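Trainee: Pasting coords34.csv here (CSV, C-alpha atoms):
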```csv
chain,number,residue,atom,x,y,z
A,1,MET,CA,11.8,-13.6,-62.3
A,2,LYS,CA,9.4,-15.5,-64.5
A,3,PRO,CA,7.1,-17.8,-62.6
A,4,THR,CA,7.1,-21.4,-63.7
A,5,THR,CA,3.5,-22.0,-62.6
A,6,THR,CA,0.5,-20.4,-60.9
A,7,VAL,CA,-2.0,-21.9,-58.4
A,8,LEU,CA,-4.5,-22.6,-61.2
A,9,ASP,CA,-4.5,-25.3,-63.9
A,10,VAL,CA,-4.8,-22.7,-66.6
A,11,ALA,CA,-4.5,-25.2,-69.5
A,12,ARG,CA,-7.5,-27.1,-68.2
A,13,ILE,CA,-9.5,-23.8,-67.6
A,14,ARG,CA,-8.8,-22.7,-71.1
A,15,GLU,CA,-10.4,-25.8,-72.5
A,16,SER,CA,-13.7,-24.3,-71.5
A,17,PHE,CA,-13.1,-21.1,-73.5
A,18,PRO,CA,-13.3,-21.9,-77.3
A,19,ILE,CA,-12.7,-18.3,-78.2
A,20,LEU,CA,-9.2,-18.4,-76.8
A,21,GLN,CA,-8.3,-20.9,-79.5
A,22,ARG,CA,-8.8,-18.2,-82.2
A,23,GLU,CA,-6.1,-16.8,-84.4
A,24,VAL,CA,-6.6,-13.1,-85.1
A,25,SER,CA,-4.7,-13.7,-88.3
A,26,PRO,CA,-3.0,-16.7,-89.8
A,27,GLY,CA,-0.4,-18.0,-87.3
A,28,VAL,CA,-1.2,-15.2,-84.7
A,29,PRO,CA,-3.1,-16.6,-81.7
A,30,LEU,CA,-5.3,-14.3,-79.7
A,31,VAL,CA,-4.0,-13.0,-76.4
A,32,TYR,CA,-7.0,-11.6,-74.6
A,33,LEU,CA,-6.0,-9.0,-72.0
A,34,ASP,CA,-9.3,-7.0,-71.7
A,35,SER,CA,-11.2,-8.8,-69.0
A,36,ALA,CA,-11.6,-5.7,-66.9
A,37,ALA,CA,-13.9,-4.5,-69.7
A,38,THR,CA,-15.7,-7.8,-70.3
A,39,SER,CA,-14.6,-11.4,-69.6
A,40,GLN,CA,-14.9,-14.3,-72.0
A,41,ARG,CA,-17.5,-17.0,-71.3
A,42,PRO,CA,-16.9,-20.7,-70.7
A,43,VAL,CA,-18.9,-23.3,-72.5
A,44,GLN,CA,-20.7,-24.2,-69.3
A,45,VAL,CA,-22.4,-20.7,-69.3
A,46,MET,CA,-23.3,-21.0,-72.9
A,47,GLN,CA,-24.7,-24.5,-72.4
A,48,ALA,CA,-26.8,-23.3,-69.4
A,49,ILE,CA,-28.4,-20.6,-71.5
A,50,ASP,CA,-28.9,-23.0,-74.4
A,51,GLU,CA,-30.5,-25.6,-72.2
A,52,PHE,CA,-32.8,-23.1,-70.7
A,53,TYR,CA,-34.1,-22.0,-74.2
A,54,ARG,CA,-34.3,-25.5,-75.5
A,55,LYS,CA,-36.1,-27.1,-72.5
A,56,HIS,CA,-37.5,-24.6,-70.1
A,57,ASN,CA,-38.2,-21.3,-71.8
A,58,ALA,CA,-41.3,-19.5,-70.4
A,59,ASN,CA,-42.1,-16.4,-68.4
A,60,ILE,CA,-41.6,-16.5,-64.6
A,61,HIS,CA,-43.7,-15.9,-61.5
A,62,ARG,CA,-46.9,-15.9,-63.5
A,63,GLY,CA,-47.8,-19.2,-65.1
A,64,VAL,CA,-48.7,-22.5,-63.4
A,65,HIS,CA,-47.8,-24.8,-66.3
A,66,ARG,CA,-44.7,-27.0,-66.1
A,67,LEU,CA,-42.4,-24.8,-68.2
A,68,ALA,CA,-43.3,-21.6,-66.2
A,69,GLU,CA,-42.6,-23.4,-63.0
A,70,GLU,CA,-39.3,-24.8,-64.3
A,71,ALA,CA,-38.3,-21.3,-65.6
A,72,THR,CA,-39.1,-19.7,-62.2
A,73,GLU,CA,-37.2,-22.4,-60.4
A,74,ALA,CA,-34.1,-21.9,-62.5
A,75,TYR,CA,-34.3,-18.1,-62.2
A,76,GLU,CA,-34.7,-18.2,-58.4
A,77,ALA,CA,-32.1,-20.9,-58.0
A,78,ALA,CA,-29.6,-18.6,-59.7
A,79,ARG,CA,-30.5,-15.8,-57.3
A,80,GLY,CA,-29.8,-18.2,-54.4
A,81,ARG,CA,-26.4,-19.2,-55.7
A,82,ILE,CA,-25.4,-15.6,-56.3
A,83,ALA,CA,-26.5,-14.7,-52.8
A,84,ASP,CA,-24.3,-17.5,-51.4
A,85,PHE,CA,-21.4,-16.4,-53.7
A,86,ILE,CA,-21.2,-12.9,-52.1
A,87,GLY,CA,-22.3,-14.0,-48.6
A,88,ALA,CA,-25.7,-12.3,-48.5
A,89,ALA,CA,-27.9,-13.3,-45.6
A,90,SER,CA,-30.9,-14.1,-47.9
A,91,PRO,CA,-31.6,-14.4,-51.6
A,92,ARG,CA,-34.2,-11.7,-51.0
A,93,GLU,CA,-31.2,-9.3,-50.7
A,94,ILE,CA,-30.3,-9.9,-54.4
A,95,VAL,CA,-32.0,-7.7,-57.0
A,96,PHE,CA,-31.4,-8.7,-60.6
A,97,VAL,CA,-30.5,-5.7,-62.8
A,98,ARG,CA,-28.9,-5.2,-66.2
A,99,ASN,CA,-25.4,-4.2,-64.9
A,100,THR,CA,-23.6,-2.3,-62.2
A,101,THR,CA,-24.6,1.0,-63.8
A,102,GLU,CA,-28.3,0.2,-63.4
A,103,ALA,CA,-27.8,-1.0,-59.9
A,104,ILE,CA,-26.2,2.3,-58.8
A,105,ASN,CA,-28.9,4.3,-60.6
A,106,LEU,CA,-31.5,2.2,-58.8
A,107,VAL,CA,-30.1,3.1,-55.4
A,108,ALA,CA,-29.8,6.8,-56.4
A,109,ARG,CA,-33.3,7.0,-57.7
A,110,THR,CA,-34.9,5.2,-54.8
A,111,TRP,CA,-32.9,5.4,-51.6
A,112,GLY,CA,-31.4,8.7,-52.7
A,113,GLU,CA,-34.7,10.4,-53.8
A,114,VAL,CA,-36.2,9.7,-50.4
A,115,ASN,CA,-33.2,10.3,-48.1
A,116,LEU,CA,-31.2,13.1,-49.7
A,117,GLY,CA,-31.9,16.8,-49.8
A,118,ALA,CA,-30.5,20.3,-49.8
A,119,GLY,CA,-27.5,20.6,-47.4
A,120,ASP,CA,-26.7,16.9,-47.3
A,121,VAL,CA,-23.4,15.4,-48.4
A,122,VAL,CA,-22.6,12.4,-50.5
A,123,LEU,CA,-19.0,11.3,-50.2
A,124,LEU,CA,-17.4,9.5,-53.2
A,125,THR,CA,-13.8,9.1,-54.3
A,126,GLU,CA,-11.7,10.5,-57.2
A,127,MET,CA,-11.2,7.0,-58.6
A,128,GLU,CA,-14.8,6.3,-59.3
A,129,HIS,CA,-16.1,4.9,-62.6
A,130,HIS,CA,-18.6,7.3,-64.2
A,131,SER,CA,-21.4,4.9,-63.2
A,132,ASN,CA,-20.7,5.9,-59.5
A,133,LEU,CA,-20.4,9.6,-60.4
A,134,VAL,CA,-23.0,10.6,-62.9
A,135,PRO,CA,-26.1,9.2,-61.1
A,136,TRP,CA,-25.1,11.2,-58.0
A,137,GLN,CA,-24.3,14.3,-60.1
A,138,MET,CA,-27.7,14.1,-61.7
A,139,LEU,CA,-29.5,13.6,-58.4
A,140,ALA,CA,-27.5,16.4,-56.7
A,141,ALA,CA,-28.6,18.8,-59.5
A,142,LYS,CA,-32.2,17.9,-58.8
A,143,LEU,CA,-32.2,17.8,-55.0
A,144,GLY,CA,-29.4,20.3,-54.1
A,145,PHE,CA,-27.1,18.1,-52.0
A,146,ARG,CA,-23.3,18.4,-52.2
A,147,LEU,CA,-20.8,15.9,-53.5
A,148,GLU,CA,-17.4,15.6,-51.9
A,149,PHE,CA,-14.5,13.4,-52.9
A,150,VAL,CA,-11.7,11.4,-51.2
A,151,PRO,CA,-8.5,12.3,-53.0
A,152,VAL,CA,-6.2,9.8,-54.6
A,153,ASP,CA,-2.4,10.0,-54.1
A,154,GLU,CA,0.3,9.5,-56.7
A,155,GLN,CA,0.4,5.8,-56.1
A,156,GLY,CA,-3.3,5.5,-56.9
A,157,LEU,CA,-4.2,4.9,-53.2
A,158,LEU,CA,-7.0,6.7,-51.3
A,159,ASP,CA,-5.8,9.3,-48.8
A,160,MET,CA,-7.3,7.7,-45.7
A,161,ASP,CA,-6.5,10.7,-43.5
A,162,ALA,CA,-8.5,12.9,-45.8
A,163,TYR,CA,-11.3,10.2,-45.8
A,164,LYS,CA,-11.4,10.4,-42.0
A,165,GLU,CA,-11.6,14.2,-42.2
A,166,LEU,CA,-14.3,14.2,-44.8
A,167,LEU,CA,-16.4,11.8,-42.8
A,168,GLY,CA,-16.5,14.6,-40.2
A,169,HIS,CA,-18.7,16.5,-42.7
A,170,GLY,CA,-21.5,14.0,-41.9
A,171,PRO,CA,-22.2,12.4,-45.3
A,172,LYS,CA,-25.6,10.7,-45.7
A,173,LEU,CA,-24.0,8.2,-48.1
A,174,VAL,CA,-20.5,7.0,-48.8
A,175,GLY,CA,-19.9,5.3,-52.2
A,176,PHE,CA,-16.6,3.9,-53.4
A,177,THR,CA,-15.2,1.3,-55.8
A,178,HIS,CA,-13.8,-1.8,-54.2
A,179,MET,CA,-11.2,-2.1,-56.9
A,180,SER,CA,-10.3,0.6,-59.4
A,181,ASN,CA,-10.7,-0.3,-63.1
A,182,VAL,CA,-7.7,2.0,-63.9
A,183,THR,CA,-5.1,1.5,-61.3
A,184,GLY,CA,-6.3,-1.9,-59.9
A,185,THR,CA,-6.2,-0.4,-56.4
A,186,ILE,CA,-8.0,-2.6,-53.9
A,187,ASN,CA,-9.6,-0.3,-51.3
A,188,PRO,CA,-10.0,-1.4,-47.7
A,189,ALA,CA,-13.7,-1.9,-48.0
A,190,ALA,CA,-14.4,-3.3,-44.5
A,191,GLU,CA,-12.4,-0.6,-42.8
A,192,MET,CA,-14.0,2.2,-44.9
A,193,THR,CA,-17.5,0.8,-44.3
A,194,ALA,CA,-16.9,0.7,-40.5
A,195,MET,CA,-15.6,4.3,-40.5
A,196,ALA,CA,-18.6,5.4,-42.6
A,197,HIS,CA,-21.1,3.7,-40.4
A,198,ALA,CA,-19.5,5.2,-37.3
A,199,ALA,CA,-20.1,8.6,-39.0
A,200,GLY,CA,-23.8,7.7,-39.6
A,201,ALA,CA,-23.5,7.1,-43.4
A,202,VAL,CA,-25.1,4.4,-45.6
A,203,VAL,CA,-22.4,2.6,-47.7
A,204,LEU,CA,-22.6,1.7,-51.4
A,205,VAL,CA,-19.8,-0.4,-52.8
A,206,ASP,CA,-19.1,-0.7,-56.5
A,207,GLY,CA,-18.0,-4.3,-56.8
A,208,ALA,CA,-17.8,-4.5,-60.6
A,209,GLN,CA,-14.1,-5.2,-60.5
A,210,SER,CA,-13.8,-7.0,-57.2
A,211,VAL,CA,-16.5,-9.6,-57.2
A,212,PRO,CA,-15.1,-11.4,-60.4
A,213,HIS,CA,-11.6,-11.5,-59.1
A,214,MET,CA,-11.4,-12.0,-55.3
A,215,PRO,CA,-13.4,-13.3,-52.4
A,216,VAL,CA,-16.1,-10.8,-51.5
A,217,ASP,CA,-18.4,-11.2,-48.5
A,218,VAL,CA,-21.0,-8.5,-48.0
A,219,GLN,CA,-21.5,-9.4,-44.4
A,220,GLN,CA,-17.8,-9.3,-43.7
A,221,ILE,CA,-17.6,-5.9,-45.4
A,222,ASP,CA,-20.9,-4.9,-43.7
A,223,ALA,CA,-21.9,-3.0,-46.9
A,224,ASP,CA,-25.4,-1.7,-47.2
A,225,PHE,CA,-25.4,-1.9,-51.0
A,226,LEU,CA,-23.0,-3.7,-53.4
A,227,ALA,CA,-23.3,-3.7,-57.2
A,228,PHE,CA,-21.7,-6.0,-59.8
A,229,SER,CA,-22.1,-7.1,-63.4
A,230,GLY,CA,-22.4,-10.6,-64.9
A,231,HIS,CA,-20.4,-9.9,-68.0
A,232,LYS,CA,-17.2,-9.2,-66.1
A,233,MET,CA,-17.3,-12.5,-64.2
A,234,LEU,CA,-17.8,-15.1,-67.0
A,235,GLY,CA,-21.5,-14.5,-67.3
A,236,PRO,CA,-23.7,-13.0,-70.0
A,237,THR,CA,-24.1,-9.4,-70.9
A,238,GLY,CA,-27.4,-7.7,-69.8
A,239,VAL,CA,-27.6,-9.1,-66.3
A,240,GLY,CA,-26.0,-8.0,-63.0
A,241,ALA,CA,-27.0,-7.8,-59.4
A,242,LEU,CA,-27.6,-5.3,-56.6
A,243,TYR,CA,-27.1,-6.5,-53.1
A,244,GLY,CA,-29.1,-4.5,-50.6
A,245,ARG,CA,-29.6,-4.9,-46.9
A,246,GLN,CA,-33.1,-6.3,-46.6
A,247,GLU,CA,-34.5,-3.6,-44.3
A,248,LEU,CA,-33.2,-0.9,-46.6
A,249,LEU,CA,-34.7,-2.5,-49.7
A,250,GLU,CA,-38.1,-2.8,-47.9
A,251,ALA,CA,-38.1,0.9,-47.0
A,252,MET,CA,-37.2,2.0,-50.5
A,253,PRO,CA,-39.8,3.0,-53.1
A,254,PRO,CA,-39.9,1.0,-56.4
A,255,PHE,CA,-37.6,2.0,-59.2
A,256,LEU,CA,-39.8,1.1,-62.2
A,257,GLY,CA,-43.5,0.5,-62.5
A,258,GLY,CA,-45.2,-2.4,-64.3
A,259,GLY,CA,-45.7,-6.1,-64.1
A,260,ASP,CA,-44.3,-8.3,-61.3
A,261,MET,CA,-43.3,-5.4,-59.0
A,262,ILE,CA,-46.9,-5.1,-57.8
A,263,LYS,CA,-49.1,-7.0,-55.3
A,264,ARG,CA,-52.3,-5.3,-56.2
A,265,VAL,CA,-53.4,-2.7,-58.8
A,266,SER,CA,-56.6,-0.7,-59.1
A,267,LEU,CA,-57.5,2.4,-61.1
A,268,GLU,CA,-56.8,4.4,-58.0
A,269,GLY,CA,-53.4,3.1,-57.1
A,270,PHE,CA,-51.2,0.1,-56.4
A,271,SER,CA,-49.4,-1.8,-53.6
A,272,THR,CA,-45.9,-3.1,-54.2
A,273,ASN,CA,-44.7,-6.7,-54.2
A,274,GLU,CA,-42.2,-7.9,-51.6
A,275,VAL,CA,-38.5,-7.6,-52.1
A,276,PRO,CA,-36.7,-8.3,-54.3
A,277,TYR,CA,-39.5,-8.4,-56.8
A,278,LYS,CA,-40.5,-4.8,-56.0
A,279,PHE,CA,-37.5,-3.8,-58.0
A,280,GLU,CA,-37.8,-6.2,-60.9
A,281,ALA,CA,-40.6,-4.7,-63.1
A,282,GLY,CA,-41.5,-6.5,-66.3
A,283,THR,CA,-40.1,-9.7,-67.8
A,284,PRO,CA,-36.4,-9.9,-66.6
A,285,ALA,CA,-33.4,-11.3,-68.3
A,286,ILE,CA,-34.3,-14.9,-67.3
A,287,ALA,CA,-31.9,-16.9,-69.5
A,288,GLU,CA,-29.1,-14.4,-68.6
A,289,ALA,CA,-29.7,-14.8,-64.9
A,290,VAL,CA,-29.5,-18.6,-65.4
A,291,GLY,CA,-26.2,-18.0,-67.2
A,292,LEU,CA,-24.9,-15.9,-64.4
A,293,GLY,CA,-25.8,-18.7,-62.0
A,294,ALA,CA,-23.7,-21.0,-64.1
A,295,ALA,CA,-20.8,-18.5,-64.1
A,296,VAL,CA,-21.0,-18.4,-60.3
A,297,ASP,CA,-20.8,-22.2,-60.2
A,298,PHE,CA,-17.7,-22.2,-62.5
A,299,LEU,CA,-15.9,-19.6,-60.3
A,300,SER,CA,-17.0,-21.3,-57.1
A,301,GLU,CA,-15.6,-24.6,-58.3
A,302,ILE,CA,-12.2,-22.9,-58.8
A,303,GLY,CA,-12.4,-21.0,-55.6
A,304,MET,CA,-12.1,-17.2,-55.4
A,305,ALA,CA,-9.1,-17.3,-53.2
A,306,ALA,CA,-7.3,-19.3,-55.9
A,307,VAL,CA,-8.5,-16.9,-58.6
A,308,HIS,CA,-7.0,-14.0,-56.6
A,309,ALA,CA,-3.8,-15.8,-55.9
A,310,HIS,CA,-3.4,-16.6,-59.6
A,311,GLU,CA,-4.0,-13.0,-60.6
A,312,GLN,CA,-1.5,-11.8,-58.0
A,313,VAL,CA,1.2,-13.9,-59.7
A,314,MET,CA,0.1,-12.5,-63.1
A,315,ILE,CA,0.2,-8.9,-62.1
A,316,ALA,CA,3.4,-9.1,-60.2
A,317,TYR,CA,5.2,-10.6,-63.3
A,318,ALA,CA,3.4,-8.1,-65.6
A,319,LEU,CA,4.6,-5.1,-63.6
A,320,GLU,CA,8.1,-6.5,-63.4
A,321,ARG,CA,8.2,-6.9,-67.2
A,322,LEU,CA,6.6,-3.6,-67.9
A,323,GLU,CA,9.3,-1.8,-65.9
A,324,GLU,CA,11.8,-3.2,-68.4
A,325,VAL,CA,10.3,-1.2,-71.3
A,326,PRO,CA,12.1,2.2,-71.5
A,327,GLY,CA,9.9,5.2,-71.1
A,328,LEU,CA,6.8,3.3,-70.2
A,329,ARG,CA,4.9,4.6,-67.1
A,330,VAL,CA,2.5,2.3,-65.2
A,331,PHE,CA,-0.2,3.8,-62.9
A,332,GLY,CA,-1.2,2.2,-59.6
A,333,PRO,CA,0.3,0.8,-56.4
A,334,ALA,CA,2.5,-2.3,-55.8
A,335,PRO,CA,1.1,-5.6,-56.9
A,336,GLU,CA,0.1,-6.8,-53.4
A,337,LEU,CA,-2.2,-3.7,-53.2
A,338,LYS,CA,-4.0,-4.1,-56.5
A,339,GLY,CA,-5.8,-6.5,-58.7
A,340,ALA,CA,-4.6,-7.8,-62.1
A,341,VAL,CA,-4.9,-4.5,-63.9
A,342,ALA,CA,-2.0,-2.6,-65.5
A,343,SER,CA,-2.7,0.8,-67.1
A,344,PHE,CA,0.2,2.6,-68.7
A,345,THR,CA,1.4,5.4,-71.0
A,346,PHE,CA,4.2,5.5,-73.6
A,347,PRO,CA,6.0,8.7,-74.5
A,348,GLY,CA,5.1,9.9,-77.9
A,349,ALA,CA,2.4,7.3,-78.5
A,350,HIS,CA,-1.3,7.7,-78.1
A,351,PRO,CA,-2.9,4.8,-76.1
A,352,HIS,CA,-5.2,4.1,-79.1
A,353,ASP,CA,-2.1,3.7,-81.4
A,354,ILE,CA,-0.5,1.4,-78.8
A,355,ALA,CA,-3.7,-0.7,-78.7
A,356,GLN,CA,-3.9,-1.0,-82.5
A,357,ILE,CA,-0.2,-2.0,-82.8
A,358,LEU,CA,-0.7,-4.6,-80.0
A,359,ASP,CA,-3.8,-5.8,-81.8
A,360,SER,CA,-1.8,-6.4,-85.0
A,361,VAL,CA,0.3,-9.0,-83.1
A,362,GLY,CA,-2.8,-10.6,-81.5
A,363,VAL,CA,-2.8,-8.8,-78.1
A,364,ALA,CA,-6.2,-7.4,-77.1
A,365,VAL,CA,-6.0,-4.5,-74.6
A,366,ARG,CA,-8.2,-1.5,-73.8
A,367,ALA,CA,-7.3,2.1,-74.6
A,368,GLY,CA,-9.0,5.3,-73.4
A,369,HIS,CA,-10.1,6.8,-70.2
A,370,HIS,CA,-11.9,3.6,-69.1
A,371,CYS,CA,-15.0,5.6,-68.0
A,372,ALA,CA,-12.9,7.3,-65.3
A,373,MET,CA,-12.1,10.7,-66.8
A,374,PRO,CA,-11.6,12.5,-63.4
A,375,LEU,CA,-9.0,10.0,-62.3
A,376,HIS,CA,-7.1,10.5,-65.6
A,377,GLN,CA,-7.4,14.3,-65.1
A,378,LYS,CA,-5.9,13.8,-61.6
A,379,PHE,CA,-2.9,12.2,-63.2
A,380,ASN,CA,-2.8,14.9,-65.9
A,381,ILE,CA,-3.2,12.5,-68.8
A,382,PRO,CA,-6.1,12.1,-71.3
A,383,ALA,CA,-6.0,8.3,-71.6
A,384,THR,CA,-4.1,5.1,-70.8
A,385,THR,CA,-3.6,1.7,-72.3
A,386,ARG,CA,-4.8,-1.1,-70.0
A,387,ALA,CA,-3.9,-4.7,-69.9
A,388,SER,CA,-6.1,-6.8,-67.5
A,389,PHE,CA,-5.8,-10.5,-66.6
A,390,TYR,CA,-8.1,-13.3,-65.5
A,391,ILE,CA,-8.3,-17.0,-64.8
A,392,TYR,CA,-7.5,-18.0,-68.3
A,393,ASN,CA,-4.4,-16.0,-68.9
A,394,ARG,CA,-1.0,-17.6,-69.0
A,395,ILE,CA,2.4,-16.3,-67.9
A,396,ASP,CA,3.7,-16.4,-71.5
A,397,GLU,CA,0.9,-14.0,-72.5
A,398,VAL,CA,2.6,-11.4,-70.4
A,399,ASP,CA,5.7,-11.9,-72.6
A,400,ARG,CA,3.6,-11.5,-75.7
A,401,LEU,CA,2.4,-8.2,-74.4
A,402,ILE,CA,6.0,-7.0,-73.8
A,403,GLU,CA,7.1,-8.2,-77.2
A,404,GLY,CA,4.3,-6.1,-78.7
A,405,LEU,CA,5.3,-3.0,-76.6
A,406,TYR,CA,8.8,-3.2,-78.0
A,407,LYS,CA,7.2,-3.1,-81.5
A,408,VAL,CA,5.4,0.0,-80.4
A,409,ARG,CA,8.7,1.5,-79.2
A,410,GLU,CA,10.4,0.7,-82.5
A,411,TYR,CA,7.5,2.3,-84.4
A,412,PHE,CA,7.5,5.5,-82.4
A,413,GLY,CA,11.3,5.6,-81.9
```
Is it possible to give me this structure as structure tokens?
Mentor:
Amino acid sequence: MKPTTTVLDVARIRESFPILQREVSPGVPLVYLDSAATSQRPVQVMQAIDEFYRKHNANIHRGVHRLAEEATEAYEAARGRIADFIGAASPREIVFVRNTTEAINLVARTWGEVNLGAGDVVLLTEMEHHSNLVPWQMLAAKLGFRLEFVPVDEQGLLDMDAYKELLGHGPKLVGFTHMSNVTGTINPAAEMTAMAHAAGAVVLVDGAQSVPHMPVDVQQIDADFLAFSGHKMLGPTGVGALYGRQELLEAMPPFLGGGDMIKRVSLEGFSTNEVPYKFEAGTPAIAEAVGLGAAVDFLSEIGMAAVHAHEQVMIAYALERLEEVPGLRVFGPAPELKGAVASFTFPGAHPHDIAQILDSVGVAVRAGHHCAMPLHQKFNIPATTRASFYIYNRIDEVDRLIEGLYKVREYFG
């Protein structure tokens, strides 16, 4: 049944996104259904970046002139708001990075280098993004530890019995995605973390898909590390954050060497700065961090519970409509167990062809393996087409997607 409304005032929200007023061709308005890859940005974020460059642009933590102090204040204020947004105990637990990928690599190359060795186990899942696979594969090849994987069932859910059994192997680290970027599966992060801690493991959560779309509280989850990207949550590209428990960050060696990550340098050696600056070598993405702070403000004003509720309505209706299309196969669990992501295949049509036909009618979706090749191999498919929804999507845009899919069906017979 088609919902008549959602919990959000989508029309008002869309006023902040000028790109959504585009027509991809004359008379064909844009329907943007690729927010799992990157979200659009509201004017409030653009204005925050513009204002920084127009009024406050300077390097941070170094100068004592007015602009330097204003830039530092804006940068650190953004860190504080991001810490509050995910429930961190202190802004010192937030390290600015370029993206989720860099955040996970940072953990692997610092905590992992010190704490992992031959004979150890790192436990991941079969639904991980490459960013939470490849860094550990690279480090395992170097240090000689073993990777094990929690299996995924046909619904796209983790096998929790297998997870419990694998924890019996004594992993040093457990890493898992909070929400799959392919199936949309929302994993029980707090439960998994509690089980991992009981087994003596440190826990890293990939929050790239969860932090933008649902309430996430790192203290409630009890995560040791959590990583996310700004560009998936209305913020700029080139900036993200790593949450790390302060005592862990303090014990870890630095990731990169250079300016601002040091306290003192001589020709014989150096001493590191305090956290989080120990991990922020060189001039950071200052304006982008300010923009991410503005994105957090925008989402906080809406409320993440309302964001999630809106997306639950969207995905429930989308799955209902997708089931109407003959031959189409959707991957992932029931709507109440997933985020607003629908990945699917169509018999006889390659996902890239589907995406191109949809693009011709103004519907922007993603096609490919979504940087999760092992999960696609698990389902014995090379790729899927993915539609993903966010705060600015309307119910009628689901109908536009379905109309486009019927054109695909006509084209491929």
Trainee: Which of these residues is nearest to A:Glu324, using only C-alpha atoms: A:Asp399, A:Asp50, A:Asp153, A:Glu128?
Mentor: A:Asp399
Trainee: Ranking A:Ile60, A:Val398, A:Ala89, A:Val182 by minimum distance to A:Gly339 and counting only C-alpha atoms, which one comes first?
Mentor: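 Among the listed residues, the smallest separation from A:Gly339 belongs to A:Val182.
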Trainee: When you count all atoms listed in the file, which of these residues is closest to A:Leu401: A:Tyr32, A:Thr384, A:Arg54, A:Ser300?
Mentor: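 Going through A:Tyr32, A:Thr384, A:Arg54, A:Ser300 one by one, the smallest distance to A:Leu401 is for A:Tyr32.
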Trainee: Sorted by chain and rising residue number, list the residues of stretch 219-333 of chain A at most 6 Å from stretch 36-41 of chain A (counting all atoms listed in the file), each with its closest atom pair and distance in Å to one decimal, as JSON lines.
Mentor:
```
{"residue": "A:His231", "atom": "CA", "partner": "A:Thr38", "partner_atom": "CA", "distance": 5.6}
{"residue": "A:Lys232", "atom": "CA", "partner": "A:Thr38", "partner_atom": "CA", "distance": 4.7}
{"residue": "A:Leu234", "atom": "CA", "partner": "A:Arg41", "partner_atom": "CA", "distance": 4.7}
```
Trainee: Need to verify the contact set: A:Thr101, 10 Å, all atoms listed in the file, exclusion of same-chain residues closer than 2 positions in sequence. Can you return it as a ChimeraX atom specification?
Mentor: /A:97-99,103-106,129-132,134-135,206,208,227-229,240
